[in-house]
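Source file: query13.cif (mmCIF, C-alpha atoms)
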data_model
#
loop_
_atom_site.label_atom_id
_atom_site.label_comp_id
_atom_site.auth_asym_id
_atom_site.auth_seq_id
_atom_site.Cartn_x
_atom_site.Cartn_y
_atom_site.Cartn_z
CA MET C 1 11.21 -80.36 54.91
CA GLY C 2 11.50 -82.13 51.57
CA SER C 3 8.73 -82.58 49.07
CA PRO C 4 5.90 -84.94 50.13
CA PHE C 5 6.09 -86.41 46.62
CA ASP C 6 9.00 -88.72 45.78
CA GLU C 7 8.91 -89.67 42.12
CA GLU C 8 10.67 -92.73 40.71
CA GLU C 9 11.32 -91.59 37.17
CA GLU C 10 12.38 -94.90 35.65
CA GLU C 11 9.29 -96.70 36.89
CA GLY C 12 6.98 -93.74 36.22
CA THR C 13 5.40 -93.98 39.66
CA ALA C 14 4.79 -91.43 42.39
CA ILE C 15 5.16 -92.32 46.08
CA ILE C 16 3.13 -90.02 48.30
CA ASP C 17 3.93 -89.45 51.97
CA ALA C 18 0.40 -88.63 53.14
CA LYS C 19 1.52 -87.21 56.52
CA ALA C 20 4.11 -84.94 54.88
CA PHE C 21 1.54 -83.90 52.31
CA ARG C 22 -0.94 -82.78 54.93
CA GLU C 23 1.77 -80.87 56.78
CA ALA C 24 2.88 -79.18 53.53
CA VAL C 25 -0.52 -77.77 52.57
CA SER C 26 -2.47 -75.49 54.88
CA PRO C 27 -6.05 -76.72 55.29
CA SER C 28 -8.92 -74.40 54.43
CA ARG C 29 -12.69 -74.53 54.36
CA LEU C 30 -14.48 -77.03 52.17
CA HIS C 31 -14.98 -75.88 48.59
CA PRO C 32 -17.14 -77.38 45.82
CA VAL C 33 -15.23 -79.13 43.04
CA ILE C 34 -16.05 -81.27 40.01
CA VAL C 35 -13.96 -84.40 39.38
CA LEU C 36 -14.08 -86.24 36.06
CA VAL C 37 -14.29 -89.88 37.15
CA ALA C 38 -15.05 -91.63 33.81
CA GLY C 39 -14.12 -90.80 30.24
CA ALA C 40 -11.01 -89.36 28.63
CA ASP C 41 -9.07 -87.17 31.08
CA ALA C 42 -10.44 -89.08 34.08
CA GLY C 43 -9.09 -87.73 37.36
CA ARG C 44 -9.13 -84.10 36.31
CA LEU C 45 -10.42 -81.68 38.95
CA VAL C 46 -12.15 -78.36 38.30
CA ARG C 47 -12.67 -75.98 41.21
CA LEU C 48 -16.14 -74.44 41.17
CA ASP C 49 -15.96 -70.67 41.47
CA GLY C 50 -19.30 -69.34 40.31
CA GLU C 51 -20.22 -71.38 37.22
CA VAL C 52 -18.78 -74.21 35.13
CA ASN C 53 -20.21 -75.02 31.71
CA VAL C 54 -19.78 -78.62 30.54
CA GLY C 55 -19.70 -79.67 26.88
CA ARG C 56 -17.70 -80.13 23.69
CA SER C 57 -17.33 -76.41 22.94
CA ALA C 58 -13.96 -74.74 23.47
CA ARG C 59 -15.90 -72.07 25.36
CA CYS C 60 -16.83 -74.53 28.11
CA GLU C 61 -14.80 -74.38 31.32
CA LEU C 62 -15.01 -78.20 31.51
CA ARG C 63 -14.55 -79.37 27.95
CA VAL C 64 -15.33 -83.04 27.40
CA ASN C 65 -15.64 -85.15 24.27
CA GLY C 66 -17.67 -88.32 24.08
CA ASP C 67 -20.65 -89.96 22.45
CA GLY C 68 -23.85 -88.04 23.11
CA VAL C 69 -22.20 -84.91 24.54
CA SER C 70 -23.60 -81.63 23.18
CA ARG C 71 -21.54 -78.49 22.52
CA LYS C 72 -23.04 -76.83 25.62
CA HIS C 73 -24.46 -79.74 27.53
CA ALA C 74 -24.95 -78.62 31.13
CA ARG C 75 -23.92 -76.03 33.66
CA ILE C 76 -23.01 -76.38 37.32
CA PHE C 77 -23.33 -73.20 39.33
CA MET C 78 -23.52 -71.77 42.83
CA ARG C 79 -26.36 -69.66 44.20
CA GLY C 80 -27.06 -68.65 47.75
CA GLY C 81 -24.56 -71.08 49.24
CA GLN C 82 -26.03 -74.05 47.31
CA THR C 83 -24.70 -75.73 44.17
CA PHE C 84 -26.98 -76.75 41.28
CA VAL C 85 -26.78 -78.60 37.97
CA GLU C 86 -28.90 -77.63 34.97
CA ASP C 87 -29.21 -79.25 31.56
CA LEU C 88 -28.75 -76.73 28.74
CA GLY C 89 -31.12 -78.32 26.25
CA SER C 90 -28.68 -81.08 25.33
CA THR C 91 -29.73 -83.71 22.82
CA ASN C 92 -29.39 -86.64 25.22
CA GLY C 93 -30.06 -84.96 28.55
CA THR C 94 -28.11 -84.86 31.82
CA LEU C 95 -28.46 -87.49 34.54
CA LEU C 96 -28.05 -86.89 38.28
CA ASN C 97 -27.54 -90.14 40.19
CA GLY C 98 -29.24 -91.95 37.30
CA GLN C 99 -32.26 -89.61 37.09
CA LYS C 100 -32.83 -87.11 34.28
CA VAL C 101 -32.25 -83.52 35.37
CA GLU C 102 -35.32 -81.31 35.04
CA GLY C 103 -34.81 -77.62 35.70
CA GLN C 104 -32.16 -76.74 38.27
CA ALA C 105 -31.32 -79.66 40.56
CA PRO C 106 -29.45 -79.12 43.86
CA LEU C 107 -26.24 -81.07 44.41
CA SER C 108 -24.96 -82.87 47.51
CA ASP C 109 -21.46 -84.09 48.29
CA GLY C 110 -20.77 -87.28 46.32
CA ASP C 111 -23.48 -86.82 43.67
CA LYS C 112 -22.74 -88.30 40.21
CA ILE C 113 -23.54 -86.33 37.04
CA GLN C 114 -23.59 -88.11 33.67
CA VAL C 115 -23.33 -86.29 30.36
CA GLY C 116 -23.46 -88.37 27.20
CA ALA C 117 -22.82 -92.11 27.15
CA GLU C 118 -19.47 -92.25 28.91
CA ILE C 119 -18.67 -89.00 30.75
CA LEU C 120 -19.26 -89.19 34.49
CA LEU C 121 -18.60 -86.30 36.88
CA LYS C 122 -18.56 -86.33 40.67
CA PHE C 123 -19.56 -83.33 42.74
CA SER C 124 -17.51 -83.10 45.91
CA LEU C 125 -16.78 -80.78 48.82
CA GLN C 126 -13.02 -80.78 49.41
CA ASP C 127 -10.56 -78.82 51.49
CA GLU C 128 -7.33 -77.46 50.02
CA VAL C 129 -5.38 -80.57 51.00
CA ASP C 130 -7.77 -82.91 49.17
CA GLN C 131 -7.78 -80.67 46.10
CA GLU C 132 -3.99 -80.57 45.94
CA LEU C 133 -3.79 -84.33 46.42
CA GLN C 134 -6.34 -84.94 43.66
CA GLN C 135 -4.43 -82.65 41.30
CA HIS C 136 -1.16 -84.42 42.05
CA LEU C 137 -2.66 -87.87 41.52
CA TYR C 138 -4.11 -86.71 38.22
CA GLN C 139 -0.79 -85.30 37.03
CA ALA C 140 1.01 -88.49 38.10
CA ALA C 141 -1.48 -90.52 36.07
CA VAL C 142 -1.17 -88.55 32.82
CA ARG C 143 2.37 -87.10 32.81
CA ASP C 144 5.75 -88.63 32.10
CA PRO C 145 7.80 -87.93 35.26
CA LEU C 146 11.08 -87.36 33.42
CA THR C 147 9.99 -84.87 30.75
CA SER C 148 6.62 -83.61 32.10
CA ALA C 149 5.16 -84.38 28.67
CA TYR C 150 1.89 -86.30 28.64
CA ASN C 151 2.30 -90.07 28.75
CA ARG C 152 1.17 -92.70 26.27
CA ARG C 153 -2.06 -93.44 28.10
CA ALA C 154 -3.06 -89.78 27.99
CA LEU C 155 -2.17 -89.62 24.29
CA MET C 156 -4.45 -92.54 23.46
CA ASP C 157 -7.31 -90.96 25.40
CA ARG C 158 -6.79 -87.66 23.57
CA LEU C 159 -6.60 -89.41 20.19
CA GLU C 160 -9.96 -91.04 20.82
CA SER C 161 -11.66 -87.75 21.66
CA ASP C 162 -9.94 -85.65 18.96
CA LEU C 163 -10.66 -88.13 16.17
CA ALA C 164 -14.29 -88.40 17.29
CA HIS C 165 -14.51 -84.60 17.16
CA ALA C 166 -12.90 -84.53 13.69
CA LYS C 167 -15.35 -87.12 12.34
CA ARG C 168 -18.35 -85.18 13.63
CA HIS C 169 -17.24 -81.81 12.29
CA GLY C 170 -15.08 -82.70 9.31
CA THR C 171 -12.03 -80.92 10.74
CA ASP C 172 -8.35 -81.64 10.16
CA VAL C 173 -6.05 -83.44 12.59
CA VAL C 174 -2.39 -84.31 12.12
CA LEU C 175 -0.20 -86.60 14.18
CA MET C 176 3.59 -86.40 14.29
CA LEU C 177 5.92 -89.04 15.68
CA LEU C 178 9.41 -87.80 16.56
CA ASP C 179 12.33 -90.13 17.19
CA LEU C 180 15.72 -88.86 18.36
CA ASP C 181 18.45 -90.05 16.01
CA HIS C 182 21.17 -92.40 17.32
CA PHE C 183 19.90 -92.03 20.88
CA LYS C 184 21.28 -95.42 21.95
CA GLN C 185 24.75 -94.12 21.13
CA VAL C 186 24.14 -91.14 23.42
CA ASN C 187 23.39 -93.44 26.36
CA ASP C 188 26.20 -95.87 25.52
CA THR C 189 28.81 -93.12 25.09
CA HIS C 190 27.83 -90.52 27.69
CA GLY C 191 25.64 -92.44 30.14
CA HIS C 192 21.97 -92.39 31.03
CA PRO C 193 22.09 -89.11 33.02
CA ILE C 194 23.11 -87.27 29.83
CA GLY C 195 20.49 -89.20 27.90
CA ASP C 196 17.85 -88.12 30.40
CA GLU C 197 18.98 -84.51 30.07
CA VAL C 198 18.66 -84.76 26.28
CA LEU C 199 15.08 -86.00 26.69
CA ARG C 200 14.21 -83.20 29.13
CA ARG C 201 15.69 -80.51 26.89
CA THR C 202 13.97 -81.97 23.85
CA ALA C 203 10.60 -81.80 25.60
CA ASP C 204 11.24 -78.22 26.76
CA ALA C 205 12.28 -77.18 23.24
CA VAL C 206 9.17 -78.67 21.62
CA ARG C 207 6.83 -77.08 24.17
CA ALA C 208 8.38 -73.70 23.39
CA VAL C 209 7.31 -73.78 19.72
CA ILE C 210 3.89 -75.45 19.75
CA ARG C 211 0.47 -73.97 20.44
CA LYS C 212 -1.28 -74.24 23.77
CA GLU C 213 -3.93 -76.50 22.24
CA ASP C 214 -1.41 -78.94 20.71
CA PHE C 215 -0.99 -82.19 22.62
CA PHE C 216 2.61 -83.25 23.25
CA ALA C 217 3.40 -86.67 24.71
CA ARG C 218 6.30 -89.00 25.32
CA TYR C 219 5.32 -92.06 23.30
CA GLY C 220 8.08 -94.27 24.64
CA GLY C 221 11.86 -94.27 25.06
CA GLU C 222 13.29 -91.54 22.83
CA GLU C 223 10.06 -91.20 20.84
CA PHE C 224 7.56 -88.36 21.21
CA ALA C 225 4.16 -87.63 19.67
CA LEU C 226 2.56 -84.33 18.75
CA LEU C 227 -1.18 -84.20 18.04
CA CYS C 228 -2.57 -81.06 16.43
CA ARG C 229 -6.28 -80.31 16.02
CA SER C 230 -7.67 -78.04 13.30
CA THR C 231 -4.38 -78.35 11.44
CA ALA C 232 -4.06 -79.06 7.72
CA MET C 233 -1.16 -81.12 6.40
CA TYR C 234 0.72 -78.11 5.02
CA GLN C 235 0.49 -76.42 8.42
CA GLY C 236 1.60 -79.59 10.15
CA LEU C 237 4.61 -79.88 7.86
CA GLN C 238 5.62 -76.30 8.65
CA LEU C 239 5.37 -77.00 12.38
CA ALA C 240 7.22 -80.31 12.06
CA GLU C 241 10.09 -78.59 10.30
CA ARG C 242 10.22 -75.91 13.00
CA VAL C 243 10.29 -78.61 15.68
CA ARG C 244 13.08 -80.46 13.85
CA GLU C 245 15.17 -77.28 13.58
CA THR C 246 14.56 -76.43 17.24
CA ILE C 247 15.75 -79.83 18.42
CA ALA C 248 18.82 -79.63 16.16
CA ALA C 249 19.78 -76.39 17.95
CA ILE C 250 19.86 -78.04 21.41
CA GLU C 251 23.28 -78.18 23.06
CA VAL C 252 23.75 -80.34 26.16
CA PRO C 253 26.91 -79.56 28.20
CA LEU C 254 29.20 -82.52 28.87
CA GLU C 255 31.25 -82.99 32.08
CA GLU C 256 34.40 -83.64 30.07
CA GLY C 257 33.88 -80.37 28.19
CA GLY C 258 32.13 -79.43 25.01
CA THR C 259 28.49 -79.98 24.19
CA LEU C 260 26.33 -82.70 22.71
CA LYS C 261 23.95 -82.01 19.83
CA VAL C 262 21.14 -84.26 18.66
CA THR C 263 18.80 -84.47 15.70
CA THR C 264 15.37 -86.00 15.18
CA SER C 265 13.43 -87.74 12.46
CA VAL C 266 9.75 -86.91 12.09
CA GLY C 267 6.87 -88.81 10.49
CA ILE C 268 3.59 -86.97 10.00
CA ALA C 269 0.16 -88.25 8.99
CA GLN C 270 -3.19 -86.57 8.45
CA PHE C 271 -6.43 -87.97 9.82
CA GLU C 272 -8.64 -89.68 7.24
CA PRO C 273 -12.34 -90.51 7.80
CA ASP C 274 -11.61 -94.25 8.03
CA HIS C 275 -8.82 -93.80 10.58
CA ASP C 276 -9.10 -94.98 14.15
CA PRO C 277 -6.28 -94.04 16.56
CA ASP C 278 -4.24 -97.14 15.71
CA ALA C 279 -4.52 -96.50 11.96
CA LEU C 280 -3.37 -92.88 12.33
CA ILE C 281 -0.44 -93.99 14.49
CA ARG C 282 0.55 -96.62 11.92
CA ALA C 283 0.49 -94.02 9.14
CA ALA C 284 2.72 -91.65 11.10
CA ASP C 285 5.02 -94.51 12.13
CA ASP C 286 5.42 -95.64 8.50
CA ALA C 287 6.40 -92.08 7.57
CA LEU C 288 8.85 -92.00 10.49
CA TYR C 289 10.45 -95.23 9.25
CA LYS C 290 10.96 -93.63 5.82
CA ALA C 291 12.55 -90.58 7.46
CA LYS C 292 14.98 -92.88 9.30
CA GLU C 293 15.74 -94.94 6.22
CA GLY C 294 16.17 -91.80 4.12
CA GLY C 295 19.07 -90.50 6.20
CA ARG C 296 17.47 -89.18 9.42
CA ASN C 297 17.15 -85.55 10.57
CA GLN C 298 14.23 -84.91 8.23
CA VAL C 299 10.44 -84.71 8.05
CA VAL C 300 8.49 -87.20 5.93
CA ALA C 301 4.73 -87.11 5.31
CA ALA C 302 2.62 -90.26 5.04
CA ASP C 303 1.47 -91.27 1.56
#

Do you think you could lay out the structure here as structure tokens?
Amino acid sequence: MGSPFDEEEEEGTAIIDAKAFREAVSPSRLHPVIVLVAGADAGRLVRLDGEVNVGRSARCELRVNGDGVSRKHARIFMRGGQTFVEDLGSTNGTLLNGQKVEGQAPLSDGDKIQVGAEILLKFSLQDEVDQELQQHLYQAAVRDPLTSAYNRRALMDRLESDLAHAKRHGTDVVLMLLDLDHFKQVNDTHGHPIGDEVLRRTADAVRAVIRKEDFFARYGGEEFALLCRSTAMYQGLQLAERVRETIAAIEVPLEEGGTLKVTTSVGIAQFEPDHDPDALIRAADDALYKAKEGGRNQVVAAD
């Protein structure tokens, strides 16, 4: 039997055969899960096995960024076959179905948990089929189907949360925009299937040299974005150069023999206190334009 998911790459949509999906995944008993239903990363599912801490800290199993969210805001845990939510002394409190949580409050299927001004979680009891379906829908919503990089929507959500975090804590953030050089000629000369393979191999090559916490997205067409938290400009420039060299080493086999090589131009900008996401993107895009105008296959930093 084929996959229950048929993806149309050019349109970026996923068609799900529900019957095939249910036949493909063996059902199991209901299990408690937490689904992020509002805020950046909406649609993400976290399976509850023991305890999940919610907050801005990297130590939290469910890390969320938003106005009014504390570093360790709340915890959701299981005890004696029942699931509970508990506020962890957060500044703005935790709400359960609109009511402030006092002590340890029991959860029922469908309950809504609010942390901060904009983060809303849903507690749910789901079988394996529902969990797999939720995960697939989430991935379809945030991933580019051709390259498996994050998509533009996911990048903008991540920019919002990362810049908010940087403003609160005074940390560094850099954004790189990468544009493959002469990519139109690749499609015109060798066809779109080769162009698609170039994009896939580019994404694979970049993922191989970046950190787990770096956020890599397809920004559009032959353009990619790389967002790096806690990264100073000199570190970002070193990484950008490594990415450029890695892409230049890609060789795509051609049906008529030989291989195709590509290069990329990179613009990089550092977050400034007055930057919103659009301003940071503009700064990186201006630097990318200079890299293109300056001869391509190079890294240029924003002024």

Two-atom distance - atom CA of C:Tyr138, atom CA of C:Arg152 (Å):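 Atom CA of C:Arg152 lies at a distance of 14.4 Å from atom CA of C:Tyr138.
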
Interatomic distance, atom CA of C:Ser230 to atom CA of C:Arg143 (Å, one decimal): 23.7 Å

For atom CA of C:Ala287 and atom CA of C:Leu180, the interatomic separation in Å (one decimal): 14.6 Å

Top pick for closest residue to C:Ala154, considering C:Val142, C:Ala166, C:Leu120, C:Gly66 and counting all atoms listed in the file: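 Distance minimum relative to C:Ala154 lands on C:Val142.
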
Residues within 6 Å of C:Glu223, only C-alpha atoms, excluding chain neighbours under 3 positions, as a PyMOL selection string: chain C and resi 178-179+219-220

Could those selected residues go to a file with C-alpha atoms, as a PDB file, keeping the file's coordinate frame?
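Ended up saving to selection01.pdb:
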ATOM      1  CA  LEU C 178       9.410 -87.800  16.560  1.00  0.00           C
ATOM      2  CA  ASP C 179      12.330 -90.130  17.190  1.00  0.00           C
ATOM      3  CA  TYR C 219       5.320 -92.060  23.300  1.00  0.00           C
ATOM      4  CA  GLY C 220       8.080 -94.270  24.640  1.00  0.00           C
TER       5      GLY C 220
END

Pick from C:Ala208, C:Leu95, C:Val115, C:Leu121 nearest to C:Ser70, counting all atoms listed in the file: C:Val115

Proximity to C:Gln139 - best of C:Gly103, C:Gly98, C:Gly43, C:Gly68, only C-alpha atoms: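 Ranked by minimum distance to C:Gln139, first place goes to C:Gly43.
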
Hits from the PyMOL selection byres ((chain C and resi 83) around 9), listed as a list in words: Pro32, Ile76, Phe77, Met78, Arg79, Gly80, Gly81, Gln82, Phe84, Val85, Ala105, Pro106, Leu107 and Ser108 of chain C

Nearest residue to C:Pro273 from the set C:Asp214, C:Asp172, C:Asp188, C:Asp285 (distances using all atoms listed in the file): C:Asp172

Test item: residues at most 12 Å from C:Phe224, only C-alpha atoms, excluding those fewer than 4 positions along its chain, as a PDB file with C-alpha atoms, in the coordinates of the input:
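Final file, selection-v8.pdb:
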ATOM      1  CA  ASP C 144       5.750 -88.630  32.100  1.00  0.00           C
ATOM      2  CA  THR C 147       9.990 -84.870  30.750  1.00  0.00           C
ATOM      3  CA  SER C 148       6.620 -83.610  32.100  1.00  0.00           C
ATOM      4  CA  ALA C 149       5.160 -84.380  28.670  1.00  0.00           C
ATOM      5  CA  TYR C 150       1.890 -86.300  28.640  1.00  0.00           C
ATOM      6  CA  ASN C 151       2.300 -90.070  28.750  1.00  0.00           C
ATOM      7  CA  ARG C 152       1.170 -92.700  26.270  1.00  0.00           C
ATOM      8  CA  LEU C 155      -2.170 -89.620  24.290  1.00  0.00           C
ATOM      9  CA  LEU C 175      -0.200 -86.600  14.180  1.00  0.00           C
ATOM     10  CA  MET C 176       3.590 -86.400  14.290  1.00  0.00           C
ATOM     11  CA  LEU C 177       5.920 -89.040  15.680  1.00  0.00           C
ATOM     12  CA  LEU C 178       9.410 -87.800  16.560  1.00  0.00           C
ATOM     13  CA  ASP C 179      12.330 -90.130  17.190  1.00  0.00           C
ATOM     14  CA  LEU C 180      15.720 -88.860  18.360  1.00  0.00           C
ATOM     15  CA  LEU C 199      15.080 -86.000  26.690  1.00  0.00           C
ATOM     16  CA  ARG C 200      14.210 -83.200  29.130  1.00  0.00           C
ATOM     17  CA  THR C 202      13.970 -81.970  23.850  1.00  0.00           C
ATOM     18  CA  ALA C 203      10.600 -81.800  25.600  1.00  0.00           C
ATOM     19  CA  VAL C 206       9.170 -78.670  21.620  1.00  0.00           C
ATOM     20  CA  ARG C 207       6.830 -77.080  24.170  1.00  0.00           C
ATOM     21  CA  PHE C 215      -0.990 -82.190  22.620  1.00  0.00           C
ATOM     22  CA  PHE C 216       2.610 -83.250  23.250  1.00  0.00           C
ATOM     23  CA  ALA C 217       3.400 -86.670  24.710  1.00  0.00           C
ATOM     24  CA  ARG C 218       6.300 -89.000  25.320  1.00  0.00           C
ATOM     25  CA  TYR C 219       5.320 -92.060  23.300  1.00  0.00           C
ATOM     26  CA  GLY C 220       8.080 -94.270  24.640  1.00  0.00           C
ATOM     27  CA  VAL C 243      10.290 -78.610  15.680  1.00  0.00           C
ATOM     28  CA  THR C 264      15.370 -86.000  15.180  1.00  0.00           C
ATOM     29  CA  SER C 265      13.430 -87.740  12.460  1.00  0.00           C
ATOM     30  CA  VAL C 266       9.750 -86.910  12.090  1.00  0.00           C
ATOM     31  CA  GLY C 267       6.870 -88.810  10.490  1.00  0.00           C
ATOM     32  CA  ILE C 268       3.590 -86.970  10.000  1.00  0.00           C
ATOM     33  CA  ILE C 281      -0.440 -93.990  14.490  1.00  0.00           C
ATOM     34  CA  ALA C 284       2.720 -91.650  11.100  1.00  0.00           C
ATOM     35  CA  ASP C 285       5.020 -94.510  12.130  1.00  0.00           C
ATOM     36  CA  LEU C 288       8.850 -92.000  10.490  1.00  0.00           C
TER      37      LEU C 288
END

Residue IDs satisfying the PyMOL selection byres ((chain C and resi 228) around 6), as a PDB file with C-alpha atoms, in the coordinates of the input:
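Saved to expr-v8.pdb:
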ATOM      1  CA  VAL C 173      -6.050 -83.440  12.590  1.00  0.00           C
ATOM      2  CA  VAL C 174      -2.390 -84.310  12.120  1.00  0.00           C
ATOM      3  CA  ASP C 214      -1.410 -78.940  20.710  1.00  0.00           C
ATOM      4  CA  LEU C 227      -1.180 -84.200  18.040  1.00  0.00           C
ATOM      5  CA  ARG C 229      -6.280 -80.310  16.020  1.00  0.00           C
ATOM      6  CA  THR C 231      -4.380 -78.350  11.440  1.00  0.00           C
TER       7      THR C 231
END

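The nearest approach to C:Asp41 among the residues C:Ala301, C:Leu62, C:Leu133, C:Leu125, with all atoms listed in the file taken into account, belongs to C:Leu62.
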
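Compared by their closest atoms to C:Arg63, and using all atoms listed in the file, the residues C:Ile119, C:Leu88, C:Ile250, C:Leu163 rank with C:Ile119 nearest.
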
Answer key for the PyMOL selection byres ((chain C and resi 123) around 6), residues as a ChimeraX atom specification: /C:34,109-111,122,124

Find the residues around C:Thr91 up to 12 Å (all atoms listed in the file counted), leave out those fewer than 4 positions away in its own chain, and share them as a compact mmCIF listing (two decimals) with C-alpha atoms, in the frame of the given file.
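Final file, result_3.txt:
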# COMPACT_ATOMS: atom_id res chain seq x y z
CA GLY C 55 -19.70 -79.67 26.88
CA ASP C 67 -20.65 -89.96 22.45
CA GLY C 68 -23.85 -88.04 23.11
CA VAL C 69 -22.20 -84.91 24.54
CA SER C 70 -23.60 -81.63 23.18
CA ARG C 71 -21.54 -78.49 22.52
CA LYS C 72 -23.04 -76.83 25.62
CA HIS C 73 -24.46 -79.74 27.53
CA ALA C 74 -24.95 -78.62 31.13
CA ASP C 87 -29.21 -79.25 31.56
CA VAL C 115 -23.33 -86.29 30.36
CA GLY C 116 -23.46 -88.37 27.20
CA ALA C 117 -22.82 -92.11 27.15
